[in-house]
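Dropping model-v9.cif in here (mmCIF, C-alpha atoms):
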```cif
data_input
loop_
_atom_site.label_atom_id
_atom_site.label_comp_id
_atom_site.auth_asym_id
_atom_site.auth_seq_id
_atom_site.Cartn_x
_atom_site.Cartn_y
_atom_site.Cartn_z
CA LEU A 1 0.00 0.00 0.00
CA TYR A 2 1.44 3.36 -1.10
CA PHE A 3 0.40 6.83 -0.07
CA ILE A 4 1.01 9.62 -2.51
CA GLU A 5 0.83 13.12 -1.16
CA LEU A 6 -0.58 15.66 -3.60
CA ASN A 7 0.36 19.27 -3.10
CA PRO A 8 -2.54 21.52 -3.98
CA THR A 9 -1.45 24.38 -6.20
CA THR A 10 -2.21 27.82 -4.96
CA MET A 11 -2.92 30.83 -7.10
CA ALA A 12 -0.62 33.78 -6.70
CA ASP A 13 -2.24 36.96 -5.45
CA ASP A 14 -0.68 39.04 -8.20
CA GLU A 15 -2.23 37.22 -11.18
CA THR A 16 -4.09 39.45 -13.59
CA PHE A 17 -6.85 38.50 -15.97
CA GLN A 18 -7.71 40.21 -19.25
CA THR A 19 -11.16 41.67 -19.31
CA GLY A 20 -12.92 42.33 -22.57
CA ASP A 21 -16.35 43.23 -23.80
CA SER A 22 -19.42 41.33 -22.69
CA GLY A 23 -18.77 38.73 -25.36
CA ALA A 24 -22.14 39.39 -26.92
CA SER A 25 -22.52 37.64 -30.22
CA MET A 26 -23.12 39.52 -33.45
CA THR A 27 -25.91 37.05 -34.32
CA VAL A 28 -28.60 34.99 -32.63
CA PRO A 29 -30.30 31.89 -34.05
CA ILE A 30 -33.81 32.12 -35.49
CA GLN A 31 -35.86 29.34 -37.02
CA ALA A 32 -36.57 29.88 -40.74
CA GLY A 33 -40.27 29.20 -40.15
CA ALA A 34 -40.40 31.99 -37.53
CA LEU A 35 -39.27 34.70 -39.97
CA LYS A 36 -41.80 37.25 -41.18
CA LYS A 37 -41.74 40.53 -43.10
CA GLY A 38 -39.58 43.04 -41.26
CA SER A 39 -37.48 40.37 -39.50
CA MET A 40 -33.70 40.57 -39.68
CA VAL A 41 -31.75 37.67 -41.16
CA LEU A 42 -28.18 37.03 -42.30
CA ILE A 43 -27.93 36.07 -45.99
CA ASN A 44 -24.45 35.43 -47.43
CA ASN A 45 -23.05 37.13 -44.29
CA PHE A 46 -24.96 40.36 -45.02
CA PRO A 47 -27.44 41.73 -42.46
CA CYS A 48 -30.78 41.91 -44.26
CA LYS A 49 -34.39 42.90 -43.59
CA VAL A 50 -36.98 40.42 -44.88
CA VAL A 51 -39.29 42.02 -47.48
CA ASP A 52 -41.03 38.82 -48.66
CA ILE A 53 -41.27 35.28 -47.39
CA SER A 54 -43.28 32.34 -48.71
CA ILE A 55 -43.55 28.90 -47.19
CA SER A 56 -44.00 25.90 -49.48
CA LYS A 57 -46.04 22.89 -48.39
CA THR A 58 -44.29 19.80 -47.12
CA GLY A 59 -43.24 17.62 -50.02
CA LYS A 60 -42.69 13.90 -50.24
CA HIS A 61 -39.33 14.36 -48.52
CA GLY A 62 -40.95 15.95 -45.52
CA HIS A 63 -39.61 19.49 -45.13
CA ALA A 64 -41.57 22.67 -45.79
CA LYS A 65 -39.25 25.29 -47.31
CA ALA A 66 -39.13 29.01 -46.64
CA SER A 67 -38.22 31.19 -49.65
CA ILE A 68 -36.82 34.44 -48.29
CA THR A 69 -36.33 37.72 -50.14
CA ALA A 70 -34.50 40.39 -48.17
CA LEU A 71 -32.66 43.71 -48.60
CA ASP A 72 -29.22 44.47 -47.16
CA ILE A 73 -29.79 47.05 -44.40
CA PHE A 74 -26.73 49.06 -45.46
CA THR A 75 -26.82 48.93 -49.28
CA ASN A 76 -30.45 47.97 -50.08
CA LYS A 77 -29.08 45.17 -52.30
CA LYS A 78 -31.57 42.33 -52.79
CA TYR A 79 -30.68 38.83 -51.55
CA GLU A 80 -32.66 35.60 -51.73
CA ASP A 81 -32.34 32.37 -49.77
CA GLN A 82 -34.20 29.12 -49.21
CA ALA A 83 -34.14 26.99 -46.08
CA PRO A 84 -36.26 24.26 -44.51
CA THR A 85 -38.61 25.91 -42.00
CA SER A 86 -37.25 23.73 -39.19
CA HIS A 87 -33.65 24.88 -39.71
CA ASN A 88 -32.00 27.68 -37.77
CA LEU A 89 -30.68 30.73 -39.61
CA GLU A 90 -28.55 33.55 -38.19
CA GLN A 91 -30.26 36.77 -37.17
CA PRO A 92 -27.93 39.80 -36.88
CA VAL A 93 -28.02 41.88 -33.72
CA VAL A 94 -28.79 45.38 -35.04
CA LYS A 95 -28.30 48.44 -32.84
CA ASN A 96 -29.48 52.00 -33.54
CA THR A 97 -27.68 54.85 -31.77
CA GLU A 98 -28.31 58.60 -31.96
CA TYR A 99 -25.45 61.10 -32.02
CA THR A 100 -25.23 64.87 -32.34
CA LEU A 101 -23.33 65.93 -35.46
CA CYS A 102 -20.54 68.27 -34.34
CA ASP A 103 -18.58 68.66 -37.58
CA ILE A 104 -18.12 67.39 -41.12
CA MET A 105 -14.45 67.31 -42.09
CA ASP A 106 -13.12 68.02 -45.61
CA ASP A 107 -12.22 64.34 -46.06
CA GLY A 108 -15.84 63.27 -45.50
CA MET A 109 -15.34 62.06 -41.93
CA THR A 110 -17.77 63.21 -39.23
CA SER A 111 -17.35 64.30 -35.66
CA LEU A 112 -20.17 62.89 -33.53
CA MET A 113 -21.06 63.31 -29.85
CA ASP A 114 -23.09 60.79 -27.84
CA GLU A 115 -25.41 61.54 -24.91
CA ALA A 116 -22.53 61.16 -22.44
CA GLY A 117 -20.55 63.87 -24.25
CA GLU A 118 -18.02 61.44 -25.74
CA ILE A 119 -16.73 62.45 -29.19
CA ARG A 120 -16.04 59.97 -31.97
CA GLU A 121 -14.50 60.81 -35.33
CA ASP A 122 -14.37 57.39 -37.01
CA LEU A 123 -17.51 57.43 -39.19
CA GLU A 124 -17.76 58.70 -42.77
CA MET A 125 -20.62 60.70 -44.20
CA PRO A 126 -23.27 58.38 -45.67
CA LYS A 127 -22.60 57.04 -49.18
CA ASP A 128 -26.31 57.46 -49.97
CA GLU A 129 -26.69 60.95 -51.50
CA GLU A 130 -30.37 61.04 -50.41
CA VAL A 131 -29.11 61.18 -46.82
CA ALA A 132 -25.71 62.86 -47.26
CA GLY A 133 -26.90 65.84 -49.37
CA PRO A 134 -29.72 67.03 -47.06
CA LEU A 135 -27.58 66.29 -43.96
CA LYS A 136 -24.69 68.46 -45.19
CA GLU A 137 -27.11 71.20 -46.26
CA ALA A 138 -28.88 71.23 -42.86
CA PHE A 139 -25.52 71.26 -41.02
CA ASP A 140 -24.13 74.07 -43.25
CA ASN A 141 -27.28 76.11 -42.50
CA GLY A 142 -26.51 75.95 -38.77
CA LYS A 143 -29.23 73.48 -37.78
CA ASP A 144 -28.75 71.00 -34.92
CA CYS A 145 -28.53 67.55 -36.53
CA GLN A 146 -29.14 64.25 -34.77
CA VAL A 147 -27.77 61.35 -36.84
CA ARG A 148 -28.92 57.73 -36.55
CA VAL A 149 -26.05 55.23 -36.67
CA VAL A 150 -26.96 51.62 -37.42
CA SER A 151 -24.48 48.96 -36.36
CA ALA A 152 -24.56 45.27 -37.27
CA MET A 153 -21.93 42.58 -37.94
CA GLY A 154 -19.11 44.90 -36.85
CA LYS A 155 -20.07 47.61 -39.36
CA GLU A 156 -21.43 51.07 -38.46
CA VAL A 157 -23.07 53.45 -40.92
CA ILE A 158 -24.92 56.78 -40.64
CA MET A 159 -28.37 55.87 -42.01
CA GLY A 160 -30.50 58.92 -41.30
CA PHE A 161 -30.87 62.19 -39.45
CA LYS A 162 -33.24 64.68 -37.86
CA SER A 163 -32.57 68.40 -37.79
CA LYS A 164 -34.01 71.28 -35.77
CA ASP A 165 -33.31 74.99 -35.87
#
```
Before anything else, please render the file you have as C-alpha cells.
Amino acid sequence: LYFIELNPTTMADDETFQTGDSGASMTVPIQAGALKKGSMVLINNFPCKVVDISISKTGKHGHAKASITALDIFTNKKYEDQAPTSHNLEQPVVKNTEYTLCDIMDDGMTSLMDEAGEIREDLEMPKDEEVAGPLKEAFDNGKDCQVRVVSAMGKEVIMGFKSKD
C-alpha cells in the first residue's frame, strides 16, 4: 500500500486577468419558419431585412421550405435564400444609436457626440446621396442635426438624421 501526497497548487495573489467586452454575439439563431416581413436575417453574411417570405407545403421528402427575399440594411441590395422551416438561420443583432453631429471634415469624416458627451470621429458621411446631401445642407445652414447610426456585424453606418433649428 502506497500513499502519494498531492500538493494543492495555490494561485498567486498578483495574477491578472484580461477583461474584454461582454462577449455578446453579433448574431442569434432564429428558425426559418419563424421569420416574417420586417425580420432581420443574415444572408451570405450580409445583415438583411426580410421584405417577402413564402412557405412551401411539405413535399414527399418531408420538409416545408421558406423562400426568403431580403434587402441588405446598409446597401439595399436584394438577396434571396431558401431553407427548410425547421432549420436555424442567423439573425444579426442590429443596434441603432443617436449622435449629435458636431462637424463634417473636408475628407468626409464626421465628428459625432453621444449623450454622455463622448466624441467619436471614425464614421464617414453616408454614401447614400439622399441622406448625405440634405444632412450636409442642414448642417451648413446651422441646424442641430441628430444622426442615426446603425451597427450590425461589426459595421457602423450613418443611415439617417433629424434636424431642428
**Prompt:** Between CA of Ser151 in chain A and CA of Asp122 in chain A, what is the spacing in Å?
**Reply:**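 Computed distance, CA of Asp122 in chain A to CA of Ser151 in chain A, equals 13.2 Å.
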inquiry  = So that I can check the surroundings of Leu42 in chain A, please list as a PyMOL selection string every protein, DNA and RNA residue that reaches within 12 Å of it, counting only C-alpha atoms and ignoring chain neighbours fewer than 3 positions away.
reply    = chain A and resi 26-30+32+35+39+45-50+68-73+79-81+88-94+152-153
Can you tell me which residues surround range 113-116 of chain A at a distance of at most 6 Å, considering all atoms listed in the file, apart from same-chain residues fewer than 3 positions away, and format the answer as a PyMOL selection string? chain A and resi 99-100+119
Would you output that residue set with C-alpha atoms, as a PDB file, keeping the file's coordinate frame?
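See again_30.pdb below for the written result:
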```pdb
ATOM      1  CA  TYR A  99     -25.450  61.100 -32.020  1.00  0.00           C
ATOM      2  CA  THR A 100     -25.230  64.870 -32.340  1.00  0.00           C
ATOM      3  CA  ILE A 119     -16.730  62.450 -29.190  1.00  0.00           C
TER       4      ILE A 119
END
```
Lys36 in chain A proximity check over A:Thr58, A:Thr85, A:Asn96, A:Thr75, using all atoms listed in the file: winner is A:Thr85
Practice task
Taking the file as shown, find all residues satisfying the PyMOL selection byres ((chain A and resi 124) around 8) and write them as a PyMOL selection string.
Solution key: chain A and resi 108-110+122-123+125-126+157-158
- request: To one decimal in Å, tell me the separation between CA of Phe161 in chain A and CA of Glu98 in chain A.
  value: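 One can read the CA of Phe161 in chain A to CA of Glu98 in chain A distance as 8.7 Å.
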Discussion item. For a test of reading the model, state the distance in Å between CA of Lys95 in chain A and CA of Ser163 in chain A, rounded to one decimal.
Written reply: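 Computing the Euclidean distance for CA of Lys95 in chain A and CA of Ser163 in chain A yields 21.0 Å.
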Check: Quick one: of A:Pro84, A:Met159, A:Asp165, A:Lys78, who's nearest to Ser54 in chain A, counting all atoms listed in the file?
Finding: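 That would be A:Pro84, the residue with the smallest distance to Ser54 in chain A.
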Selected residue, from A:Ile55, A:Cys102, A:Ala83, A:Gly133, that lies nearest to Ile43 in chain A when counting all atoms listed in the file:
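Counting all atoms listed in the file, the residue closest to Ile43 in chain A is A:Ala83.
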Of A:Val131, A:Ala34, A:Leu112, A:Ala138, the one nearest to Ser86 in chain A when counting all atoms listed in the file is A:Ala34
- Message: Quick check on the file I pasted: which residues fall under the PyMOL selection byres ((chain A and resi 142) around 12)? Write them as a list in words.
- Response: Leu101, Cys102, Asp103, Leu135, Lys136, Glu137, Ala138, Phe139, Asp140, Asn141, Lys143, Asp144, Cys145, Ser163, Lys164 and Asp165 of chain A
Box dimensions and centre (Å, one decimal) enclosing range 120-134 of chain A, axis-aligned, 8 Å extra per side, as lines of an AutoDock Vina configuration file:
```
center_x = -22.4
center_y = 62.0
center_z = -41.7
size_x = 32.0
size_y = 26.0
size_z = 35.5
```
